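**Q** Next comes the structure file target.csv, holding CSV, C-alpha atoms and all ligand atoms.
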chain,number,residue,atom,x,y,z
A,9,MET,CA,93.7,116.2,155.8
A,10,PRO,CA,91.9,119.1,154.2
A,11,ARG,CA,88.2,118.9,153.3
A,12,PHE,CA,87.9,118.0,149.6
A,13,ALA,CA,85.3,119.2,147.2
A,14,ALA,CA,84.7,118.0,143.6
A,15,ASN,CA,84.7,120.3,140.6
A,16,LEU,CA,81.7,119.0,138.6
A,17,SER,CA,82.8,120.9,135.5
A,18,LEU,CA,85.8,118.6,135.2
A,19,LEU,CA,85.1,115.6,137.4
A,20,PHE,CA,82.3,113.0,136.6
A,21,CYS,CA,82.0,114.5,133.0
A,22,GLU,CA,81.4,110.9,131.7
A,23,LEU,CA,77.9,111.5,133.2
A,24,PRO,CA,75.2,114.0,132.2
A,25,TYR,CA,75.4,117.2,134.3
A,26,LEU,CA,72.5,116.4,136.7
A,27,ASP,CA,73.9,112.9,137.4
A,28,ARG,CA,77.3,114.2,138.5
A,29,PHE,CA,75.9,115.3,141.9
A,30,ALA,CA,74.9,111.8,143.0
A,31,ALA,CA,78.2,110.4,141.7
A,32,ALA,CA,80.1,112.9,143.7
A,33,ALA,CA,78.1,112.1,146.8
A,34,ARG,CA,78.6,108.4,146.3
A,35,ALA,CA,82.3,109.0,146.1
A,36,GLY,CA,82.2,110.7,149.5
A,37,PHE,CA,82.2,114.4,148.6
A,38,GLU,CA,80.1,116.7,150.7
A,39,ALA,CA,80.8,119.8,148.6
A,40,VAL,CA,81.1,120.6,144.9
A,41,GLU,CA,82.0,123.6,142.7
A,42,ILE,CA,80.6,124.3,139.2
A,43,LEU,CA,82.4,126.8,136.9
A,44,PHE,CA,79.5,127.9,134.7
A,45,PRO,CA,76.1,126.7,135.9
A,46,TYR,CA,74.2,129.3,133.7
A,47,ASP,CA,72.9,127.0,131.0
A,48,ILE,CA,70.8,125.2,133.5
A,49,ALA,CA,67.9,126.6,135.5
A,50,ALA,CA,69.2,127.4,139.0
A,51,ARG,CA,66.3,125.5,140.6
A,52,ASP,CA,67.4,122.2,138.8
A,53,THR,CA,71.0,122.6,140.1
A,54,ARG,CA,69.6,123.5,143.6
A,55,ARG,CA,67.4,120.4,143.6
A,56,ALA,CA,70.4,118.2,142.7
A,57,LEU,CA,72.5,119.7,145.5
A,58,ILE,CA,69.8,119.2,148.1
A,59,ALA,CA,68.9,115.7,146.9
A,60,ASN,CA,72.5,114.6,147.4
A,61,GLY,CA,73.2,116.5,150.6
A,62,LEU,CA,75.9,118.7,148.8
A,63,GLN,CA,77.0,122.2,149.5
A,64,LEU,CA,78.0,124.5,146.6
A,65,VAL,CA,81.4,126.1,147.2
A,66,LEU,CA,82.0,128.2,144.2
A,67,ILE,CA,80.8,129.4,140.8
A,68,ASN,CA,82.5,131.6,138.2
A,69,ALA,CA,81.6,135.0,137.0
A,70,PRO,CA,80.8,136.9,134.9
A,71,PRO,CA,79.1,134.5,132.5
A,72,PRO,CA,79.2,133.3,129.8
A,73,ASN,CA,82.8,132.7,128.9
A,74,TYR,CA,85.5,130.1,128.9
A,75,THR,CA,83.6,127.5,126.7
A,76,GLY,CA,85.0,129.1,123.5
A,77,GLY,CA,84.3,132.7,124.6
A,78,MET,CA,86.3,135.2,126.4
A,79,PRO,CA,87.7,134.1,129.9
A,80,GLY,CA,86.0,137.0,131.7
A,81,PHE,CA,86.4,140.7,131.2
A,82,ALA,CA,86.8,142.2,134.7
A,83,ALA,CA,90.2,143.8,133.6
A,84,LEU,CA,89.0,145.2,130.3
A,85,PRO,CA,88.7,149.0,130.3
A,86,GLY,CA,85.3,150.0,128.9
A,87,GLY,CA,83.6,146.8,130.1
A,88,GLU,CA,82.4,148.2,133.4
A,89,ASP,CA,78.7,148.4,132.6
A,90,ARG,CA,78.6,144.8,131.3
A,91,PHE,CA,80.6,143.8,134.4
A,92,ARG,CA,78.0,145.2,136.7
A,93,HIS,CA,75.1,143.7,134.7
A,94,ASP,CA,76.7,140.3,134.8
A,95,ILE,CA,77.7,140.5,138.5
A,96,ARG,CA,74.0,141.3,139.3
A,97,ARG,CA,73.1,138.2,137.3
A,98,VAL,CA,75.7,135.9,138.9
A,99,LEU,CA,74.6,137.1,142.3
A,100,ARG,CA,71.0,135.9,141.6
A,101,TYR,CA,72.5,132.4,140.8
A,102,ALA,CA,74.8,132.5,143.9
A,103,ASP,CA,71.9,133.4,146.0
A,104,GLU,CA,69.6,130.7,144.8
A,105,LEU,CA,72.4,128.1,144.8
A,106,ARG,CA,73.9,129.3,148.1
A,107,ALA,CA,77.3,129.5,146.4
A,108,GLY,CA,79.7,130.7,149.1
A,109,LEU,CA,82.3,132.0,146.6
A,110,ILE,CA,82.2,133.8,143.2
A,111,HIS,CA,85.4,133.6,141.1
A,112,VAL,CA,85.7,136.8,139.1
A,113,MET,CA,87.7,136.2,135.9
A,114,ALA,CA,90.0,139.0,134.7
A,115,GLY,CA,90.0,138.3,131.0
A,116,PRO,CA,92.6,139.1,128.3
A,117,ALA,CA,94.2,142.5,129.0
A,118,GLN,CA,97.5,144.1,129.8
A,119,GLY,CA,99.0,147.2,131.5
A,120,ALA,CA,98.2,149.7,134.1
A,121,ALA,CA,94.7,150.6,132.8
A,122,ALA,CA,93.7,146.9,133.0
A,123,GLN,CA,94.9,146.6,136.5
A,124,GLU,CA,93.1,149.8,137.6
A,125,THR,CA,89.9,148.5,135.9
A,126,LEU,CA,90.2,145.1,137.6
A,127,VAL,CA,90.7,146.8,141.0
A,128,ALA,CA,87.8,149.2,140.5
A,129,ASN,CA,85.4,146.4,139.3
A,130,LEU,CA,86.3,144.2,142.2
A,131,GLN,CA,85.7,147.1,144.7
A,132,TRP,CA,82.4,147.7,143.1
A,133,ALA,CA,81.3,144.0,143.4
A,134,ALA,CA,82.6,143.8,147.0
A,135,ASP,CA,80.6,147.0,148.0
A,136,HIS,CA,77.6,146.0,146.0
A,137,ALA,CA,77.3,142.6,147.7
A,138,PRO,CA,79.1,142.9,151.1
A,139,GLY,CA,77.6,139.6,152.2
A,140,GLN,CA,79.1,137.7,149.2
A,141,ARG,CA,82.8,136.6,149.0
A,142,PHE,CA,84.6,136.9,145.7
A,143,THR,CA,87.9,135.4,144.5
A,144,ILE,CA,90.5,136.0,141.9
A,145,GLU,CA,92.8,133.3,140.5
A,146,PRO,CA,96.0,133.6,138.5
A,147,LEU,CA,95.8,131.4,135.4
A,148,ASN,CA,98.8,130.2,133.4
A,149,ASP,CA,99.7,131.6,130.0
A,150,THR,CA,99.7,128.2,128.2
A,151,ASP,CA,96.0,127.5,129.0
A,152,GLN,CA,95.0,131.2,128.9
A,153,PRO,CA,97.3,133.2,126.6
A,154,GLY,CA,97.1,136.9,127.3
A,155,TYR,CA,95.1,136.5,130.5
A,156,PHE,CA,95.7,139.5,132.7
A,157,LEU,CA,96.0,137.8,136.1
A,158,ASN,CA,98.9,135.4,135.2
A,159,ASP,CA,101.1,135.7,138.3
A,160,TYR,CA,100.7,135.3,142.1
A,161,ALA,CA,102.6,138.4,142.9
A,162,LEU,CA,100.3,140.4,140.7
A,163,ALA,CA,97.3,138.8,142.4
A,164,ALA,CA,98.7,139.9,145.8
A,165,GLU,CA,99.2,143.4,144.4
A,166,VAL,CA,95.6,143.6,143.1
A,167,LEU,CA,94.2,142.3,146.4
A,168,ALA,CA,96.1,144.8,148.4
A,169,ALA,CA,94.8,147.6,146.1
A,170,VAL,CA,91.2,146.3,146.3
A,171,ASP,CA,91.5,146.2,150.0
A,172,ARG,CA,88.0,144.7,150.8
A,173,PRO,CA,87.4,141.9,153.3
A,174,ASN,CA,85.2,139.9,151.0
A,175,VAL,CA,87.7,139.7,148.1
A,176,GLY,CA,90.5,137.1,148.4
A,177,LEU,CA,92.8,134.7,146.6
A,178,GLN,CA,91.9,131.5,144.9
A,179,TYR,CA,95.0,129.3,144.9
A,180,ASP,CA,95.3,126.5,142.4
A,181,ALA,CA,98.2,124.1,142.7
A,182,TYR,CA,98.0,123.3,139.0
A,183,HIS,CA,98.3,126.9,137.9
A,184,ALA,CA,100.9,127.8,140.6
A,185,GLN,CA,103.1,125.0,139.4
A,186,MET,CA,102.6,125.9,135.7
A,187,ILE,CA,103.3,129.6,136.3
A,188,HIS,CA,106.0,129.6,138.9
A,189,GLY,CA,107.3,125.9,138.9
A,190,ASP,CA,106.8,125.7,142.6
A,191,ALA,CA,103.3,125.0,143.8
A,192,ALA,CA,104.4,124.5,147.4
A,193,GLY,CA,106.5,127.6,147.6
A,194,ILE,CA,103.7,129.7,146.2
A,195,TRP,CA,101.3,128.3,148.9
A,196,ASP,CA,103.9,129.2,151.5
A,197,ARG,CA,104.4,132.7,150.2
A,198,TYR,CA,100.8,133.7,149.2
A,199,GLY,CA,98.5,131.1,150.9
A,200,ALA,CA,97.8,133.0,154.1
A,201,GLY,CA,94.3,134.2,154.1
A,202,ALA,CA,93.4,132.4,150.9
A,203,PHE,CA,89.6,132.1,150.3
A,204,HIS,CA,89.7,128.9,148.2
A,205,VAL,CA,92.1,126.2,147.1
A,206,GLN,CA,92.0,124.0,144.0
A,207,ILE,CA,94.3,121.1,143.1
A,208,GLY,CA,95.5,119.2,140.0
A,209,ALA,CA,98.8,117.8,138.8
A,210,ALA,CA,101.0,119.8,136.5
A,211,PRO,CA,101.6,119.8,133.6
A,212,ASP,CA,98.9,117.4,132.6
A,213,ARG,CA,96.2,118.6,134.9
A,214,SER,CA,95.4,115.0,135.9
A,215,GLU,CA,94.6,113.8,139.4
A,216,PRO,CA,97.0,114.7,142.3
A,217,GLY,CA,100.0,112.3,142.2
A,218,ARG,CA,103.7,112.4,141.7
A,219,GLY,CA,106.0,111.0,139.1
A,220,PRO,CA,105.6,109.8,135.6
A,221,GLY,CA,102.3,111.0,134.1
A,222,HIS,CA,101.5,113.4,137.0
A,223,GLY,CA,104.5,115.8,137.5
A,224,PRO,CA,106.7,116.9,140.4
A,225,VAL,CA,104.3,118.3,143.0
A,226,ASP,CA,104.3,116.4,146.3
A,227,PHE,CA,100.6,116.6,147.2
A,228,ALA,CA,101.0,114.8,150.6
A,229,ALA,CA,103.4,117.6,151.6
A,230,LEU,CA,101.2,120.3,150.1
A,231,PHE,CA,98.1,119.0,152.0
A,232,ALA,CA,100.2,119.0,155.2
A,233,ALA,CA,101.3,122.6,154.5
A,234,ILE,CA,97.7,123.7,153.8
A,235,ASP,CA,96.6,122.1,157.1
A,236,ALA,CA,99.5,123.6,159.0
A,237,SER,CA,98.6,127.1,157.7
A,238,GLY,CA,95.2,126.9,159.4
A,239,TYR,CA,93.3,127.1,156.1
A,240,ALA,CA,89.8,126.0,157.0
A,241,GLY,CA,88.1,126.2,153.5
A,242,TRP,CA,87.5,123.6,150.9
A,243,VAL,CA,90.2,122.1,148.7
A,244,SER,CA,88.6,121.4,145.4
A,245,ALA,CA,89.6,118.7,143.0
A,246,GLU,CA,89.8,120.5,139.7
A,247,TYR,CA,91.5,118.1,137.2
A,248,THR,CA,90.8,116.0,134.2
A,249,PRO,CA,90.8,112.4,135.4
A,250,SER,CA,93.4,110.2,133.5
A,251,THR,CA,90.9,107.3,134.0
A,252,ARG,CA,87.7,106.7,132.0
A,253,ARG,CA,85.6,106.7,135.2
A,254,THR,CA,86.3,109.6,137.6
A,255,GLU,CA,85.9,107.3,140.7
A,256,ASP,CA,88.9,105.3,139.5
A,257,SER,CA,91.0,108.5,139.7
A,258,LEU,CA,90.3,109.2,143.4
A,259,GLY,CA,93.0,107.1,145.0
A,260,TRP,CA,94.8,110.3,146.1
A,261,LEU,CA,91.9,111.0,148.5
A,262,THR,CA,93.1,108.3,150.8
B,1,LIG,O1,90.9,127.2,135.2
B,1,LIG,C1,90.8,127.2,136.4
B,1,LIG,O2,91.8,126.8,137.1
B,1,LIG,C2,89.7,127.7,137.2
B,1,LIG,O3,89.7,127.6,138.4
B,1,LIG,C3,88.5,128.2,136.5
B,1,LIG,O4,87.7,128.9,137.4
B,1,LIG,C4,88.6,129.0,135.3
B,1,LIG,O5,87.3,128.9,134.8
B,2,MG,MG,91.4,126.7,139.2
Please re-express this file's structure in structure tokens.
Ligand SMILES: O=C(O)C(=O)[C@@H](O)CO
Ligand SMILES: [Mg+2]
**A**
Amino acid sequence: MPRFAANLSLLFCELPYLDRFAAAARAGFEAVEILFPYDIAARDTRRALIANGLQLVLINAPPPNYTGGMPGFAALPGGEDRFRHDIRRVLRYADELRAGLIHVMAGPAQGAAAQETLVANLQWAADHAPGQRFTIEPLNDTDQPGYFLNDYALAAEVLAAVDRPNVGLQYDAYHAQMIHGDAAGIWDRYGAGAFHVQIGAAPDRSEPGRGPGHGPVDFAALFAAIDASGYAGWVSAEYTPSTRRTEDSLGWLT
């Protein structure tokens, strides 16, 4: 079985932010990810991680976005100065929190200029922080209308153009299923070399499971394919629990 991490921006949200760490540890997780930790002093998040023996796998950049704002702007021509400013800021957080991965969000954009901007921004980030690993993730059009990176083939094209060893794919079974209707096929085609994996059922983005209320993805088969591919990173549970308490949604772990 893969090593599973908990996304604390979606899991354990029935608890205040700083209490989610202990809840994740109690549930057996050894690693977590946090999409936007920027409203909280990094030292408080760091303390919660250490107190609960947790590793931080990933944070998102550039902030702030997503909670009502723009979902990133790395692909927006003209936003380069702001991009660099925000990457510098997110690097300070990543450093203090020992976040292994930074997810760079492309934002709403279209066309060749957007693609060139995204590639150039990612190259700048990769060269500016060669010891840091960055990811990009295709997001589906229903959740993120107009988002530039909305397809796995496009992500592969962007990564080939960026051509840096510290920039890689963030595969999310939920988005892969929503975009292409075939989460397993997308893993088989694009999973090799992925830096990070996230999971959630589609279309309802609930806990991994199959059938009524969850959708068609066979997660046991997907986990086997991920293991067989040699992927050694974390597989992060990024879903909205269908149960009131997150721990009651964790049956899929066993
Ligand atoms: O929406 C997702 O899926 C993500 O992984 C997020 O990082 C976007 O904020
Ligand atoms: Mg995701």
**Q** Quick one: of A:His111, A:Arg213, A:Arg218, A:His204, who's nearest to ligand LIG 1 (chain B), counting only C-alpha atoms and all ligand atoms?
**A**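 Going through A:His111, A:Arg213, A:Arg218, A:His204 one by one, the smallest distance to ligand LIG 1 (chain B) is for A:His111.
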**Q** Restrict the calculation to only C-alpha atoms and all ligand atoms, then for each residue of chain A with any atom at most 7 Å from an atom of ligand LIG 1 (chain B) give the closest atom pair and their distance in Å to one decimal, rows by chain and rising residue number, as JSON lines.
**A**
{"residue": "A:Leu43", "atom": "CA", "partner": "B:LIG1", "partner_atom": "O4", "distance": 5.7}
{"residue": "A:Asn68", "atom": "CA", "partner": "B:LIG1", "partner_atom": "O4", "distance": 5.9}
{"residue": "A:Tyr74", "atom": "CA", "partner": "B:LIG1", "partner_atom": "O5", "distance": 6.3}
{"residue": "A:His111", "atom": "CA", "partner": "B:LIG1", "partner_atom": "O4", "distance": 6.4}
{"residue": "A:Glu145", "atom": "CA", "partner": "B:LIG1", "partner_atom": "O3", "distance": 6.8}
{"residue": "A:Leu147", "atom": "CA", "partner": "B:LIG1", "partner_atom": "O2", "distance": 6.3}
{"residue": "A:Asp180", "atom": "CA", "partner": "B:LIG1", "partner_atom": "O2", "distance": 6.4}
{"residue": "A:His183", "atom": "CA", "partner": "B:LIG1", "partner_atom": "O2", "distance": 6.5}
**Q** Any chance you could export the current selection's C-alpha atoms as a PDB file, keeping the file's coordinate frame?
**A**
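Result went into again-v9.pdb, see below:
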ATOM      1  CA  LEU A  43      82.400 126.800 136.900  1.00  0.00           C
ATOM      2  CA  ASN A  68      82.500 131.600 138.200  1.00  0.00           C
ATOM      3  CA  TYR A  74      85.500 130.100 128.900  1.00  0.00           C
ATOM      4  CA  HIS A 111      85.400 133.600 141.100  1.00  0.00           C
ATOM      5  CA  GLU A 145      92.800 133.300 140.500  1.00  0.00           C
ATOM      6  CA  LEU A 147      95.800 131.400 135.400  1.00  0.00           C
ATOM      7  CA  ASP A 180      95.300 126.500 142.400  1.00  0.00           C
ATOM      8  CA  HIS A 183      98.300 126.900 137.900  1.00  0.00           C
TER       9      HIS A 183
END
**Q** Compute the set of protein, DNA and RNA residues whose minimum atom distance to ligand MG 2 (chain B) is at most 9 Å, using only C-alpha atoms and all ligand atoms, and state it as a PyMOL selection string.
**A** chain A and resi 145-147+178-183+205-208+244+246-247
**Q** Save the residues we just selected, C-alpha atoms, as a compact mmCIF listing (two decimals), in the coordinates of the input?
**A**
# COMPACT_ATOMS: atom_id res chain seq x y z
CA GLU A 145 92.80 133.30 140.50
CA PRO A 146 96.00 133.60 138.50
CA LEU A 147 95.80 131.40 135.40
CA GLN A 178 91.90 131.50 144.90
CA TYR A 179 95.00 129.30 144.90
CA ASP A 180 95.30 126.50 142.40
CA ALA A 181 98.20 124.10 142.70
CA TYR A 182 98.00 123.30 139.00
CA HIS A 183 98.30 126.90 137.90
CA VAL A 205 92.10 126.20 147.10
CA GLN A 206 92.00 124.00 144.00
CA ILE A 207 94.30 121.10 143.10
CA GLY A 208 95.50 119.20 140.00
CA SER A 244 88.60 121.40 145.40
CA GLU A 246 89.80 120.50 139.70
CA TYR A 247 91.50 118.10 137.20
**Q** Give me the residues near A:Ala236 as a list in words, where near means some atom within 12 Å (using all atoms listed in the file) and where sequence neighbours in that chain fewer than 6 positions away do not count.
**A**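 Surrounding residues, per the criterion: Met9, Pro10, Trp195, Asp196, Gly199, Ala200, Ala229 and Leu230 of chain A.
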**Q** Interatomic distance between atom CA of A:Ser257 and atom CA of A:Trp242?
**A**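 Distance between the two atoms: 19.1 Å.
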**Q** Could you check which of A:Arg28, A:Arg106, A:Arg11, A:Arg34 is closest to A:Arg54, using all atoms listed in the file?
**A**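 Smallest distance to A:Arg54 is found for A:Arg106.
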**Q** So which one's closest to A:Ala210, A:Tyr198, A:Phe37, A:Leu66, A:Val225? Using all atoms listed in the file, please.
**A**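 Closest candidate: A:Val225.
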**Q** Enter the distance from atom CA of A:Val166 to atom CA of A:Glu124, in Å, rounded to one decimal.
**A**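 Spanning atom CA of A:Val166 to atom CA of A:Glu124 is a straight-line distance of 8.7 Å.
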**Q** Quick check, in Å to one decimal: how far apart do atom CA of A:Leu126 and atom CA of A:Leu84 lie?
**A**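 Those two atoms sit 7.4 Å apart.
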**Q** Near A:Gly108, counting only C-alpha atoms, which residues have an atom at most 9 Å away, once you skip same-chain residues fewer than 6 positions from it, shown as a PyMOL selection string?
**A** chain A and resi 63-67+102+140-142
**Q** Of the candidates A:Ala163, A:Ala121, A:Ala232, A:Ala240, which one gets nearest to A:Gly201 if we count all atoms listed in the file?
**A**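 Using all atoms listed in the file, A:Gly201 sits closest to A:Ala240.
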**Q** Please determine, counting all atoms listed in the file, which residue among A:Leu99, A:Leu105, A:Ala117, A:Ile110 has the shortest atom-to-atom distance to A:His136.
**A**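 Answer, going by the shortest atom-to-atom distance: A:Leu99.
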**Q** Compare A:Leu261, A:Ala122, A:Ala245, A:Ala192 by their minimum atom-to-atom distance to A:Phe20, counting all atoms listed in the file, and give me the closest one.
**A**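 Ranking A:Leu261, A:Ala122, A:Ala245, A:Ala192 by distance to A:Phe20, first place goes to A:Ala245.
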**Q** What's the 8 Å shell around A:Ile187, counting only C-alpha atoms, without same-chain residues fewer than 3 positions away, as JSON, numbers by chain?
**A** {"A": [147, 148, 149, 158, 159, 183, 184]}
**Q** Please, could you write that set of residues out with C-alpha atoms as a PDB file, keeping the file's coordinate frame?
**A**
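File produced: part10.pdb:
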ATOM      1  CA  LEU A 147      95.800 131.400 135.400  1.00  0.00           C
ATOM      2  CA  ASN A 148      98.800 130.200 133.400  1.00  0.00           C
ATOM      3  CA  ASP A 149      99.700 131.600 130.000  1.00  0.00           C
ATOM      4  CA  ASN A 158      98.900 135.400 135.200  1.00  0.00           C
ATOM      5  CA  ASP A 159     101.100 135.700 138.300  1.00  0.00           C
ATOM      6  CA  HIS A 183      98.300 126.900 137.900  1.00  0.00           C
ATOM      7  CA  ALA A 184     100.900 127.800 140.600  1.00  0.00           C
TER       8      ALA A 184
END
**Q** Name all residues at most 10 Å from A:Thr251 (count only C-alpha atoms; drop same-chain ones fewer than 6 positions away) and give them as a PyMOL selection string.
**A** chain A and resi 214-215+257-258
**Q** Give me the residues within 9 Å of A:Glu22 as a list in words, counting only C-alpha atoms and dropping any in the same chain fewer than 5 places off.
**A** Arg28, Arg252, Arg253 and Thr254 of chain A
**Q** Would you put the residues from that selection into a file with C-alpha atoms, as a JSON list (two decimals), in the frame of the given file?
**A**
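New file result-v2.json:
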[["chain", "number", "residue", "atom", "x", "y", "z"],
["A", 28, "ARG", "CA", 77.30, 114.20, 138.50],
["A", 252, "ARG", "CA", 87.70, 106.70, 132.00],
["A", 253, "ARG", "CA", 85.60, 106.70, 135.20],
["A", 254, "THR", "CA", 86.30, 109.60, 137.60]]
**Q** So that all listed atoms of stretch 87-101 of chain A fit with 8 Å spare on each side, what axis-aligned box centre and edge lengths in Å, to one decimal, would you give as JSON?
**A**
{"center_x": 77.3, "center_y": 140.4, "center_z": 136.2, "size_x": 28.6, "size_y": 32.0, "size_z": 28.2}
